[in-house]
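Text of protein-v5.cif (mmCIF, C-alpha atoms and all ligand atoms) as supplied:
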```
data_entry
#
loop_
_atom_site.label_atom_id
_atom_site.label_comp_id
_atom_site.auth_asym_id
_atom_site.auth_seq_id
_atom_site.Cartn_x
_atom_site.Cartn_y
_atom_site.Cartn_z
CA MET A 1 -96.32 71.08 -70.62
CA LYS A 2 -95.28 74.08 -72.62
CA PHE A 3 -91.90 75.71 -73.02
CA SER A 4 -93.46 78.81 -71.50
CA GLU A 5 -93.68 76.93 -68.17
CA VAL A 6 -89.94 76.33 -68.16
CA VAL A 7 -88.05 78.94 -66.13
CA GLY A 8 -85.62 80.99 -68.27
CA GLN A 9 -83.41 79.03 -70.71
CA GLU A 10 -84.60 81.09 -73.67
CA ARG A 11 -81.68 80.16 -75.92
CA VAL A 12 -82.11 76.44 -75.36
CA LYS A 13 -85.87 76.76 -75.96
CA ASP A 14 -85.27 78.64 -79.23
CA ASN A 15 -82.80 76.00 -80.33
CA ILE A 16 -85.20 73.13 -79.61
CA ARG A 17 -88.21 74.92 -81.12
CA SER A 18 -86.36 75.60 -84.35
CA MET A 19 -85.39 71.90 -84.57
CA ILE A 20 -89.08 71.01 -84.20
CA ILE A 21 -90.28 73.61 -86.71
CA GLN A 22 -87.75 72.46 -89.29
CA HIS A 23 -88.41 68.77 -88.58
CA LYS A 24 -84.75 68.32 -87.77
CA VAL A 25 -84.91 66.76 -84.32
CA PRO A 26 -82.02 64.27 -84.08
CA HIS A 27 -82.98 60.70 -83.22
CA ALA A 28 -81.07 60.96 -79.95
CA VAL A 29 -80.37 64.12 -77.96
CA LEU A 30 -78.80 64.53 -74.57
CA LEU A 31 -79.89 67.50 -72.48
CA LEU A 32 -77.08 68.09 -70.05
CA GLY A 33 -77.52 70.49 -67.11
CA SER A 34 -76.97 70.59 -63.36
CA SER A 35 -79.72 69.61 -60.98
CA GLY A 36 -82.60 72.08 -60.91
CA VAL A 37 -81.73 74.14 -64.00
CA GLY A 38 -84.67 72.74 -65.96
CA ALA A 39 -83.32 70.02 -68.25
CA LEU A 40 -86.20 67.63 -67.44
CA PRO A 41 -88.96 70.24 -67.96
CA LEU A 42 -87.30 71.17 -71.27
CA ALA A 43 -87.25 67.51 -72.35
CA ILE A 44 -90.92 67.12 -71.45
CA ALA A 45 -91.97 70.32 -73.26
CA MET A 46 -89.97 69.10 -76.25
CA ALA A 47 -91.64 65.66 -76.26
CA HIS A 48 -95.10 67.19 -75.90
CA ALA A 49 -94.48 69.54 -78.81
CA MET A 50 -93.26 66.62 -80.92
CA VAL A 51 -96.35 64.46 -80.41
CA CYS A 52 -98.84 67.35 -80.76
CA PRO A 53 -100.45 67.12 -84.25
CA SER A 54 -100.81 70.92 -84.51
CA PRO A 55 -97.87 72.57 -82.77
CA VAL A 56 -97.63 76.37 -82.79
CA GLN A 57 -94.13 77.73 -83.43
CA GLY A 58 -92.54 74.52 -82.19
CA GLU A 59 -94.67 74.52 -79.04
CA ALA A 60 -97.43 72.03 -78.10
CA CYS A 61 -100.80 73.64 -78.92
CA GLY A 62 -102.16 72.74 -75.50
CA ALA A 63 -105.71 72.47 -76.80
CA CYS A 64 -105.97 69.23 -78.78
CA PRO A 65 -106.92 65.80 -77.38
CA SER A 66 -103.30 64.70 -77.79
CA CYS A 67 -102.01 67.59 -75.63
CA ASN A 68 -104.75 66.85 -73.16
CA ARG A 69 -103.26 63.38 -72.67
CA SER A 70 -99.64 64.59 -72.82
CA PHE A 71 -100.18 67.23 -70.17
CA LYS A 72 -101.53 64.56 -67.82
CA TYR A 73 -98.55 62.33 -68.67
CA LEU A 74 -100.89 59.78 -70.24
CA HIS A 75 -99.84 60.06 -73.88
CA PRO A 76 -99.10 56.56 -75.21
CA ASP A 77 -96.22 57.80 -77.37
CA VAL A 78 -94.32 59.66 -74.67
CA HIS A 79 -92.40 57.10 -72.65
CA PHE A 80 -90.35 57.64 -69.53
CA ALA A 81 -87.48 55.68 -68.01
CA PHE A 82 -85.93 56.83 -64.74
CA PRO A 83 -83.94 55.46 -61.79
CA THR A 84 -85.80 53.07 -59.49
CA THR A 85 -84.88 51.20 -56.33
CA GLY A 86 -85.35 47.55 -55.50
CA LYS A 87 -84.73 44.40 -57.48
CA ASP A 88 -86.38 44.27 -60.91
CA VAL A 89 -88.51 47.34 -60.18
CA THR A 90 -88.95 49.27 -63.43
CA SER A 91 -90.30 52.69 -64.34
CA ASP A 92 -93.62 51.10 -65.34
CA ASN A 93 -94.13 49.95 -61.74
CA LEU A 94 -93.65 53.50 -60.51
CA LEU A 95 -95.40 55.38 -63.30
CA PRO A 96 -98.36 56.51 -61.13
CA VAL A 97 -95.93 58.04 -58.58
CA TRP A 98 -93.94 59.67 -61.38
CA ARG A 99 -97.08 61.16 -62.95
CA ASN A 100 -98.31 62.43 -59.61
CA LEU A 101 -95.04 64.13 -58.87
CA LEU A 102 -94.93 65.76 -62.31
CA MET A 103 -98.52 66.96 -61.95
CA LYS A 104 -97.45 68.64 -58.70
CA LYS A 105 -94.15 70.13 -59.88
CA HIS A 106 -91.84 70.10 -62.86
CA TYR A 107 -88.70 70.87 -60.91
CA PHE A 108 -87.42 68.18 -58.59
CA THR A 109 -84.05 66.70 -57.82
CA LYS A 110 -82.88 63.11 -57.83
CA ASP A 111 -83.10 63.14 -54.02
CA ASP A 112 -86.69 64.40 -54.15
CA TRP A 113 -87.51 61.49 -56.44
CA ILE A 114 -85.78 58.89 -54.27
CA ASN A 115 -87.63 60.27 -51.22
CA GLU A 116 -90.86 59.96 -53.14
CA ILE A 117 -90.38 56.28 -53.97
CA ALA A 118 -88.43 54.79 -51.09
CA ALA A 119 -88.54 55.24 -47.35
CA ASP A 120 -85.15 53.58 -46.91
CA ASN A 121 -81.94 54.50 -48.57
CA LYS A 122 -81.72 51.89 -51.28
CA GLN A 123 -79.36 52.28 -54.19
CA ALA A 124 -81.15 53.69 -57.24
CA ASN A 125 -80.43 52.51 -60.75
CA ILE A 126 -81.83 52.00 -64.23
CA ASN A 127 -81.65 48.23 -64.35
CA LYS A 128 -81.36 45.47 -66.93
CA GLU A 129 -85.12 44.86 -66.87
CA GLU A 130 -85.71 48.53 -67.71
CA CYS A 131 -83.40 48.28 -70.73
CA PHE A 132 -85.40 45.27 -71.98
CA ASN A 133 -88.59 47.26 -71.45
CA ILE A 134 -87.28 50.22 -73.43
CA ARG A 135 -86.41 47.97 -76.36
CA ARG A 136 -89.71 46.10 -76.13
CA LYS A 137 -91.82 49.28 -76.06
CA LEU A 138 -90.02 50.68 -79.07
CA SER A 139 -90.44 47.46 -81.07
CA LEU A 140 -94.16 48.25 -81.36
CA LYS A 141 -95.63 50.88 -83.67
CA CYS A 142 -96.50 54.40 -82.59
CA ALA A 143 -99.85 54.33 -80.81
CA GLU A 144 -101.38 57.54 -82.16
CA ALA A 145 -98.82 60.24 -82.97
CA GLU A 146 -96.54 60.35 -85.98
CA VAL A 147 -93.51 60.08 -83.74
CA ARG A 148 -92.80 58.71 -80.31
CA VAL A 149 -90.37 59.86 -77.70
CA MET A 150 -88.47 57.96 -75.03
CA ILE A 151 -87.27 60.26 -72.25
CA ILE A 152 -84.52 58.69 -70.15
CA TRP A 153 -84.00 60.73 -66.99
CA LEU A 154 -80.54 60.41 -65.46
CA PRO A 155 -78.81 57.92 -67.78
CA GLU A 156 -75.93 58.13 -65.27
CA TYR A 157 -77.84 55.43 -63.39
CA LEU A 158 -77.67 52.98 -66.29
CA GLY A 159 -74.11 52.09 -65.42
CA LYS A 160 -72.83 49.32 -67.65
CA GLU A 161 -76.41 48.25 -68.45
CA GLY A 162 -76.28 51.19 -70.85
CA ASN A 163 -74.47 48.87 -73.26
CA ARG A 164 -77.81 47.17 -73.85
CA LEU A 165 -79.15 50.39 -75.40
CA LEU A 166 -76.25 51.18 -77.73
CA LYS A 167 -77.72 49.53 -80.77
CA ILE A 168 -81.17 51.06 -80.45
CA LEU A 169 -79.67 54.50 -79.75
CA GLU A 170 -77.53 54.16 -82.85
CA GLU A 171 -80.35 52.99 -85.06
CA PRO A 172 -83.71 53.59 -83.48
CA PRO A 173 -86.86 52.24 -85.13
CA PRO A 174 -88.56 54.67 -87.55
CA ASP A 175 -90.13 57.81 -86.05
CA THR A 176 -88.52 57.19 -82.69
CA HIS A 177 -86.63 59.79 -80.71
CA PHE A 178 -84.60 59.50 -77.55
CA ILE A 179 -84.22 62.43 -75.18
CA LEU A 180 -81.69 61.72 -72.46
CA VAL A 181 -81.62 64.12 -69.51
CA ALA A 182 -78.37 64.04 -67.58
CA GLU A 183 -76.56 66.00 -64.88
CA GLN A 184 -73.03 64.56 -64.95
CA SER A 185 -71.49 63.73 -68.29
CA ASP A 186 -68.51 61.94 -66.72
CA GLN A 187 -70.86 59.35 -65.20
CA ILE A 188 -72.33 58.33 -68.55
CA LEU A 189 -70.84 55.68 -70.81
CA GLN A 190 -68.82 57.39 -73.50
CA THR A 191 -70.44 55.11 -76.08
CA ILE A 192 -73.84 56.52 -75.13
CA MET A 193 -72.64 60.13 -75.16
CA SER A 194 -71.20 59.72 -78.63
CA ARG A 195 -74.54 58.51 -80.02
CA CYS A 196 -76.44 61.60 -78.88
CA GLN A 197 -76.48 65.19 -79.99
CA LEU A 198 -75.49 67.21 -76.95
CA ILE A 199 -77.61 70.19 -75.85
CA LYS A 200 -76.14 71.97 -72.86
CA VAL A 201 -78.57 73.54 -70.39
CA PRO A 202 -76.71 76.30 -68.54
CA LEU A 203 -77.16 77.51 -64.96
CA LEU A 204 -80.04 79.96 -64.58
CA THR A 205 -78.96 83.59 -64.48
CA ASP A 206 -79.45 85.73 -61.37
CA GLU A 207 -81.87 87.94 -63.32
CA VAL A 208 -84.10 85.00 -64.24
CA LEU A 209 -84.11 83.64 -60.67
CA ASP A 210 -84.80 87.12 -59.30
CA LYS A 211 -87.78 87.70 -61.59
CA THR A 212 -89.23 84.22 -61.07
CA LEU A 213 -88.89 84.21 -57.28
CA LYS A 214 -90.45 87.67 -57.02
CA SER A 215 -93.50 86.44 -58.91
CA ILE A 216 -93.87 83.43 -56.59
CA TYR A 217 -93.07 85.23 -53.32
CA PRO A 218 -94.43 88.76 -53.59
CA SER A 219 -93.39 89.62 -50.02
CA VAL A 220 -89.72 88.77 -50.49
CA THR A 221 -87.15 91.46 -49.67
CA ASP A 222 -84.24 92.27 -51.96
CA LEU A 223 -81.76 91.07 -49.38
CA GLN A 224 -83.56 87.78 -48.88
CA LEU A 225 -83.65 87.32 -52.65
CA ASN A 226 -79.96 88.08 -53.02
CA THR A 227 -79.02 85.60 -50.31
CA VAL A 228 -81.14 82.85 -51.83
CA ILE A 229 -79.88 83.53 -55.34
CA GLN A 230 -76.26 83.40 -54.20
CA LEU A 231 -76.77 80.10 -52.41
CA ALA A 232 -78.93 78.56 -55.15
CA ASN A 233 -76.08 78.61 -57.65
CA GLY A 234 -78.26 78.81 -60.76
CA SER A 235 -80.66 76.07 -59.67
CA PHE A 236 -84.37 76.79 -59.53
CA SER A 237 -85.07 73.71 -57.35
CA GLU A 238 -82.45 74.84 -54.86
CA ALA A 239 -83.81 78.40 -54.81
CA ILE A 240 -87.34 77.15 -54.11
CA ALA A 241 -86.08 74.86 -51.34
CA LEU A 242 -84.16 77.74 -49.73
CA MET A 243 -87.17 80.05 -49.92
CA ALA A 244 -89.45 77.41 -48.38
CA GLU A 245 -86.97 76.91 -45.54
CA GLN A 246 -87.02 80.62 -44.74
CA GLU A 247 -90.79 80.86 -44.99
CA ASP A 248 -91.24 77.91 -42.61
CA LEU A 249 -88.90 79.49 -40.12
CA ASN A 250 -90.68 82.86 -40.26
CA ALA A 251 -94.09 81.18 -40.04
CA GLY A 252 -93.17 79.31 -36.86
CA ILE A 253 -91.88 82.46 -35.18
CA LEU A 254 -94.84 84.57 -36.28
CA ILE A 255 -97.38 82.03 -34.96
CA ASP A 256 -95.52 81.95 -31.64
CA TRP A 257 -95.44 85.76 -31.52
CA MET A 258 -99.17 86.12 -32.21
CA ARG A 259 -99.98 83.66 -29.40
CA LYS A 260 -97.79 85.54 -26.95
CA CYS A 261 -99.19 88.92 -27.95
CA TYR A 262 -102.74 87.63 -27.54
CA LYS A 263 -102.05 86.26 -24.07
CA GLY A 264 -100.04 89.29 -23.03
CA ASN A 265 -97.79 87.62 -20.45
CA GLY A 266 -94.99 90.19 -20.03
CA LEU A 267 -92.29 87.65 -19.20
CA GLU A 268 -93.09 85.46 -22.22
CA MET A 269 -93.18 88.46 -24.54
CA SER A 270 -89.87 89.77 -23.30
CA ARG A 271 -88.23 86.35 -23.68
CA TRP A 272 -89.49 86.21 -27.25
CA VAL A 273 -88.11 89.70 -27.86
CA ASP A 274 -84.70 88.69 -26.43
CA GLU A 275 -84.45 85.96 -29.06
CA ILE A 276 -85.38 88.25 -31.93
CA ALA A 277 -83.19 91.13 -30.73
CA VAL A 278 -79.96 89.19 -31.38
CA TRP A 279 -80.81 88.53 -35.02
CA THR A 280 -79.15 90.61 -37.71
CA LYS A 281 -81.08 93.66 -38.74
CA GLU A 282 -81.73 92.17 -42.17
CA LYS A 283 -83.23 89.04 -40.68
CA GLN A 284 -85.49 91.20 -38.49
CA LYS A 285 -86.58 93.19 -41.52
CA ILE A 286 -87.34 90.02 -43.44
CA PHE A 287 -89.46 88.82 -40.51
CA ILE A 288 -91.43 92.07 -40.26
CA ARG A 289 -91.93 92.05 -44.01
CA TYR A 290 -93.21 88.49 -43.76
CA SER A 291 -95.58 89.50 -40.92
CA LEU A 292 -96.83 92.47 -42.94
CA HIS A 293 -97.49 90.28 -45.92
CA PHE A 294 -99.47 87.97 -43.65
CA PHE A 295 -101.53 90.78 -42.05
CA ARG A 296 -102.41 92.20 -45.46
CA GLY A 297 -103.47 88.74 -46.57
CA LEU A 298 -105.63 88.44 -43.45
CA LEU A 299 -107.33 91.74 -44.23
CA VAL A 300 -108.44 90.69 -47.69
CA LEU A 301 -109.10 87.07 -46.75
CA PRO A 302 -112.89 87.37 -46.20
CA VAL A 303 -113.29 89.08 -49.59
CA LEU A 304 -110.79 87.24 -51.76
CA GLY A 305 -110.67 83.82 -50.11
CA GLN A 306 -107.69 81.67 -49.21
CA GLU A 307 -106.24 81.28 -52.69
CA LYS A 308 -106.22 84.89 -53.86
CA SER A 309 -105.29 86.48 -50.56
CA ASN A 310 -101.71 85.22 -50.99
CA ILE A 311 -101.44 83.90 -47.46
CA PRO A 312 -98.41 81.60 -47.20
CA LYS A 313 -99.65 78.01 -47.06
CA GLU A 314 -97.88 77.35 -43.75
CA MET A 315 -100.02 80.14 -42.20
CA ILE A 316 -103.44 79.04 -43.43
CA ALA A 317 -104.58 77.37 -40.19
CA THR A 318 -103.44 80.35 -38.11
CA SER A 319 -105.08 82.80 -40.50
CA GLU A 320 -108.48 81.23 -39.90
CA LYS A 321 -108.06 81.35 -36.13
CA LEU A 322 -106.93 84.99 -36.16
CA ARG A 323 -109.69 86.09 -38.52
CA ALA A 324 -112.20 84.62 -36.10
CA ILE A 325 -111.03 86.91 -33.28
CA LEU A 326 -109.79 90.05 -35.07
CA THR A 327 -111.89 92.70 -36.78
CA ASP A 328 -110.81 94.62 -39.88
CA LYS A 329 -110.14 97.64 -37.70
CA GLN A 330 -107.79 95.70 -35.40
CA LEU A 331 -105.97 94.20 -38.37
CA GLU A 332 -105.59 97.60 -40.00
CA GLN A 333 -104.02 98.92 -36.80
CA MET A 334 -101.60 95.99 -36.60
CA THR A 335 -100.65 96.35 -40.27
CA HIS A 336 -100.08 100.06 -39.85
CA LEU A 337 -97.89 99.51 -36.78
CA ALA A 338 -95.81 96.79 -38.43
CA ASP A 339 -95.32 99.01 -41.46
CA GLU A 340 -94.25 101.93 -39.30
CA ASN A 341 -91.80 99.77 -37.33
CA PHE A 342 -90.29 98.37 -40.50
CA ALA A 343 -89.33 101.94 -41.36
CA HIS A 344 -87.96 102.49 -37.83
CA LEU A 345 -85.79 99.39 -38.15
CA GLU A 346 -84.36 100.74 -41.37
CA ARG A 347 -83.45 103.88 -39.50
CA ASN A 348 -81.53 101.87 -36.90
CA ALA A 349 -84.06 101.79 -34.07
CA ASN A 350 -83.09 99.64 -31.10
CA PRO A 351 -84.61 96.24 -31.96
CA LYS A 352 -85.19 95.21 -28.36
CA ILE A 353 -87.25 98.30 -27.57
CA LEU A 354 -88.95 98.20 -30.94
CA PHE A 355 -90.11 94.58 -30.76
CA LEU A 356 -91.18 94.87 -27.11
CA ASP A 357 -93.17 98.02 -27.83
CA LEU A 358 -94.73 96.38 -30.86
CA SER A 359 -95.63 93.26 -28.87
CA ILE A 360 -97.34 95.29 -26.15
CA LYS A 361 -99.28 97.34 -28.70
CA PHE A 362 -100.32 94.18 -30.55
CA HIS A 363 -101.58 92.81 -27.24
CA GLN A 364 -103.56 95.97 -26.58
CA ILE A 365 -105.03 95.91 -30.06
CA MET A 366 -105.94 92.24 -29.83
CA GLN A 367 -107.64 92.85 -26.48
CA ASN A 368 -109.35 96.02 -27.74
CA LYS A 369 -107.45 98.32 -25.44
CA PHE A 370 -105.66 100.34 -28.07
CA PHE A 371 -107.22 103.55 -29.33
CA ASN A 372 -104.30 105.70 -30.34
CA ILE A 373 -104.44 105.30 -34.09
ZN ZN B 1 -101.76 69.83 -79.27
#
```

Rewrite the structure from the file as structure tokens, please.
Ligand SMILES: [Zn+2]
Amino acid sequence: MKFSEVVGQERVKDNIRSMIIQHKVPHAVLLLGSSGVGALPLAIAMAHAMVCPSPVQGEACGACPSCNRSFKYLHPDVHFAFPTTGKDVTSDNLLPVWRNLLMKKHYFTKDDWINEIAADNKQANINKEECFNIRRKLSLKCAEAEVRVMIIWLPEYLGKEGNRLLKILEEPPPDTHFILVAEQSDQILQTIMSRCQLIKVPLLTDEVLDKTLKSIYPSVTDLQLNTVIQLANGSFSEAIALMAEQEDLNAGILIDWMRKCYKGNGLEMSRWVDEIAVWTKEKQKIFIRYSLHFFRGLLVLPVLGQEKSNIPKEMIATSEKLRAILTDKQLEQMTHLADENFAHLERNANPKILFLDLSIKFHQIMQNKFFNI
């Protein structure tokens, strides 16, 4: 992966890139940053740049056969060690799962990883066997690059086994670099800390989170963004998890609403409205904005297809069902109405009347009984 895929952290990237350009990468570095700020993606981008034979400005070229292997996590000179669960299970045993997860996303937490590898709640650690493996792998020569890199994710989980790595961290074999990626410095053996050059990875700024989330969720409102950013506390993983939670919630309610509007049972619609009417105005606005985003996606769906129409993934099944029964004209009317009512909500319209009126009109449109627009 490239540094350009890492969210924010421009100063840390510049620092690492200049080390690579000047061939001054220390033999052991420790990237220290809270969960979700991007320390692991930075370590990976760094390792990929180091094994690329033709890096550009300290960045992996992305085009050579070596990068081709690196970017699939198959490069023989980029090694990984990470916490595992179960007796004598090492990173090698779980490498396919690790690769799969990294191919899907670069930002994940320790809990995400544990969920990925174990159904039960076993204690994770980096065990004695792993330490032997690390030493054994590094006793061989580089496979194809001029250097090789051992990334140790969460050395906190080494516990006292970390003592087995002190000597090799102090004096690694030629052309060997360690990149340790940690979250809590007080959980790491002091003797390990002292053998590494520390690179701190700060919390992501609100501006960076704001810009990144807007590009991923084009329908997000400013208020929704502000709430997520405040709760995320500088962590991209946390921000994404919070956004997904909100999207899931909105999706469930929107699907329910569409069903009720289609059927047109007055009692069911008014019960639905009662539930929505007690929400805060901001939450109602977020929901209408989400609905609008969905309707617009539905409109362009036949032309642009699923991927480019920006339909939230939790709405894909519903989008196909609705497109089968609604014409462009009906969808345009619904979009127009939702847009108009968003403006009414901003001007303090009574939400109960507004949502009931909207539900009835949606029903009329869906059943082709609405000709006012
Ligand atoms: Zn390359």

Selection near Gly162 (chain A), 12 Å with all atoms listed in the file, sequence-local residues under 6 positions removed, as a PyMOL selection string:
chain A and resi 125-132+134-135+152+154-156+168-169+180+187-193+195

Produce as a list of chain:residue names the set of residues near ligand ZN 1 (chain B), where near means within 10 Å with only C-alpha atoms and all ligand atoms considered.
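So, counting only C-alpha atoms and all ligand atoms, the residues near ligand ZN 1 (chain B) are A:His48, A:Ala49, A:Met50, A:Val51, A:Cys52, A:Pro53, A:Ser54, A:Pro55, A:Val56, A:Glu59, A:Ala60, A:Cys61, A:Gly62, A:Ala63, A:Cys64, A:Pro65, A:Ser66, A:Cys67, A:Asn68, A:Arg69, A:Ser70, A:Phe71.
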
Can you write out the residues you just picked, keeping C-alpha atoms, as a PDB file, in the frame of the given file?
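Saved the output as result.pdb:
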```
ATOM      1  CA  HIS A  48     -95.100  67.190 -75.900  1.00  0.00           C
ATOM      2  CA  ALA A  49     -94.480  69.540 -78.810  1.00  0.00           C
ATOM      3  CA  MET A  50     -93.260  66.620 -80.920  1.00  0.00           C
ATOM      4  CA  VAL A  51     -96.350  64.460 -80.410  1.00  0.00           C
ATOM      5  CA  CYS A  52     -98.840  67.350 -80.760  1.00  0.00           C
ATOM      6  CA  PRO A  53    -100.450  67.120 -84.250  1.00  0.00           C
ATOM      7  CA  SER A  54    -100.810  70.920 -84.510  1.00  0.00           C
ATOM      8  CA  PRO A  55     -97.870  72.570 -82.770  1.00  0.00           C
ATOM      9  CA  VAL A  56     -97.630  76.370 -82.790  1.00  0.00           C
ATOM     10  CA  GLU A  59     -94.670  74.520 -79.040  1.00  0.00           C
ATOM     11  CA  ALA A  60     -97.430  72.030 -78.100  1.00  0.00           C
ATOM     12  CA  CYS A  61    -100.800  73.640 -78.920  1.00  0.00           C
ATOM     13  CA  GLY A  62    -102.160  72.740 -75.500  1.00  0.00           C
ATOM     14  CA  ALA A  63    -105.710  72.470 -76.800  1.00  0.00           C
ATOM     15  CA  CYS A  64    -105.970  69.230 -78.780  1.00  0.00           C
ATOM     16  CA  PRO A  65    -106.920  65.800 -77.380  1.00  0.00           C
ATOM     17  CA  SER A  66    -103.300  64.700 -77.790  1.00  0.00           C
ATOM     18  CA  CYS A  67    -102.010  67.590 -75.630  1.00  0.00           C
ATOM     19  CA  ASN A  68    -104.750  66.850 -73.160  1.00  0.00           C
ATOM     20  CA  ARG A  69    -103.260  63.380 -72.670  1.00  0.00           C
ATOM     21  CA  SER A  70     -99.640  64.590 -72.820  1.00  0.00           C
ATOM     22  CA  PHE A  71    -100.180  67.230 -70.170  1.00  0.00           C
TER      23      PHE A  71
END
```

Please determine, counting all atoms listed in the file, which residue among A:Leu225, A:Ile288, A:Ile216, A:Met315 has the shortest atom-to-atom distance to Leu358 (chain A).
A:Ile288

Distance query Ser219 (chain A) at most 12 Å, all atoms listed in the file, self and fewer than 4 positions along chain excluded, as a VMD selection string:
chain A and resid 213 to 215 223 to 225 243 247 285 to 297 310 to 312

Take CA of His27 (chain A) and CA of Glu170 (chain A) and report the distance between them in Å, one decimal.
8.5 Å

Restricting the calculation to all atoms listed in the file, which member of A:Ser185, A:Ser309, A:His336, A:Ile229 is positioned closest to Ile199 (chain A)?
A:Ser185

Here's a test: counting only C-alpha atoms, identify every protein, DNA and RNA residue with an atom at most 6 Å from (-87.1, 95.6, -35.7) in the file's coordinate frame, and state them as a ChimeraX atom specification.
/A:284,345,351,354-355

Taking only C-alpha atoms into account, which of A:Met1, A:Val25, A:Cys196, A:Ala43 comes nearest Asp175 (chain A)?
A:Val25

For Gly38 (chain A), which residue out of A:Ile21, A:Val181, A:Val278, A:Ala338 is the nearest one, using all atoms listed in the file?
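The shortest atom-to-atom distance to Gly38 (chain A) comes from A:Val181.
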
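With all atoms listed in the file as the atoms that count, the minimum distance from Lys87 (chain A) to the choices A:Ala124, A:Glu238, A:Leu102, A:Met46 is reached by A:Ala124.
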
Measuring atom to atom with all atoms listed in the file, identify which of A:Ile360, A:Ala324, A:Leu298, A:Leu203 is nearest to Ser35 (chain A).
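Looking only at the distances to Ser35 (chain A), the closest residue turns out to be A:Leu203.
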
Figure out the distance between CA of His79 (chain A) and CA of Glu161 (chain A), please, to one decimal in Å.
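Atom-to-atom, CA of Glu161 (chain A) and CA of His79 (chain A) are spaced 18.8 Å apart.
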
Provide an axis-aligned box for all listed atoms of region 226-242 of chain A, padding each side by 4 Å; report its centre and its edge lengths in Å to one decimal, as JSON.
```
{"center_x": -81.7, "center_y": 80.9, "center_z": -55.2, "size_x": 19.3, "size_y": 22.4, "size_z": 19.0}
```

Go ahead and compute the interatomic distance for CA of Leu198 (chain A) and CA of Leu30 (chain A), in Å to one decimal.
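The value is 4.9 Å.
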
Within 12 Å of (-105.7, 99.5, -38.1) (file coordinates; all atoms listed in the file), which protein or nucleic acid residues are there? I'd like them as a PyMOL selection string.
chain A and resi 295-296+299+326-340+361-362+365-366+368+370-373

For those residues, write C-alpha atoms to a file as a JSON list (two decimals), keeping the file's coordinate frame.
```
[["chain", "number", "residue", "atom", "x", "y", "z"],
["A", 295, "PHE", "CA", -101.53, 90.78, -42.05],
["A", 296, "ARG", "CA", -102.41, 92.20, -45.46],
["A", 299, "LEU", "CA", -107.33, 91.74, -44.23],
["A", 326, "LEU", "CA", -109.79, 90.05, -35.07],
["A", 327, "THR", "CA", -111.89, 92.70, -36.78],
["A", 328, "ASP", "CA", -110.81, 94.62, -39.88],
["A", 329, "LYS", "CA", -110.14, 97.64, -37.70],
["A", 330, "GLN", "CA", -107.79, 95.70, -35.40],
["A", 331, "LEU", "CA", -105.97, 94.20, -38.37],
["A", 332, "GLU", "CA", -105.59, 97.60, -40.00],
["A", 333, "GLN", "CA", -104.02, 98.92, -36.80],
["A", 334, "MET", "CA", -101.60, 95.99, -36.60],
["A", 335, "THR", "CA", -100.65, 96.35, -40.27],
["A", 336, "HIS", "CA", -100.08, 100.06, -39.85],
["A", 337, "LEU", "CA", -97.89, 99.51, -36.78],
["A", 338, "ALA", "CA", -95.81, 96.79, -38.43],
["A", 339, "ASP", "CA", -95.32, 99.01, -41.46],
["A", 340, "GLU", "CA", -94.25, 101.93, -39.30],
["A", 361, "LYS", "CA", -99.28, 97.34, -28.70],
["A", 362, "PHE", "CA", -100.32, 94.18, -30.55],
["A", 365, "ILE", "CA", -105.03, 95.91, -30.06],
["A", 366, "MET", "CA", -105.94, 92.24, -29.83],
["A", 368, "ASN", "CA", -109.35, 96.02, -27.74],
["A", 370, "PHE", "CA", -105.66, 100.34, -28.07],
["A", 371, "PHE", "CA", -107.22, 103.55, -29.33],
["A", 372, "ASN", "CA", -104.30, 105.70, -30.34],
["A", 373, "ILE", "CA", -104.44, 105.30, -34.09]]
```
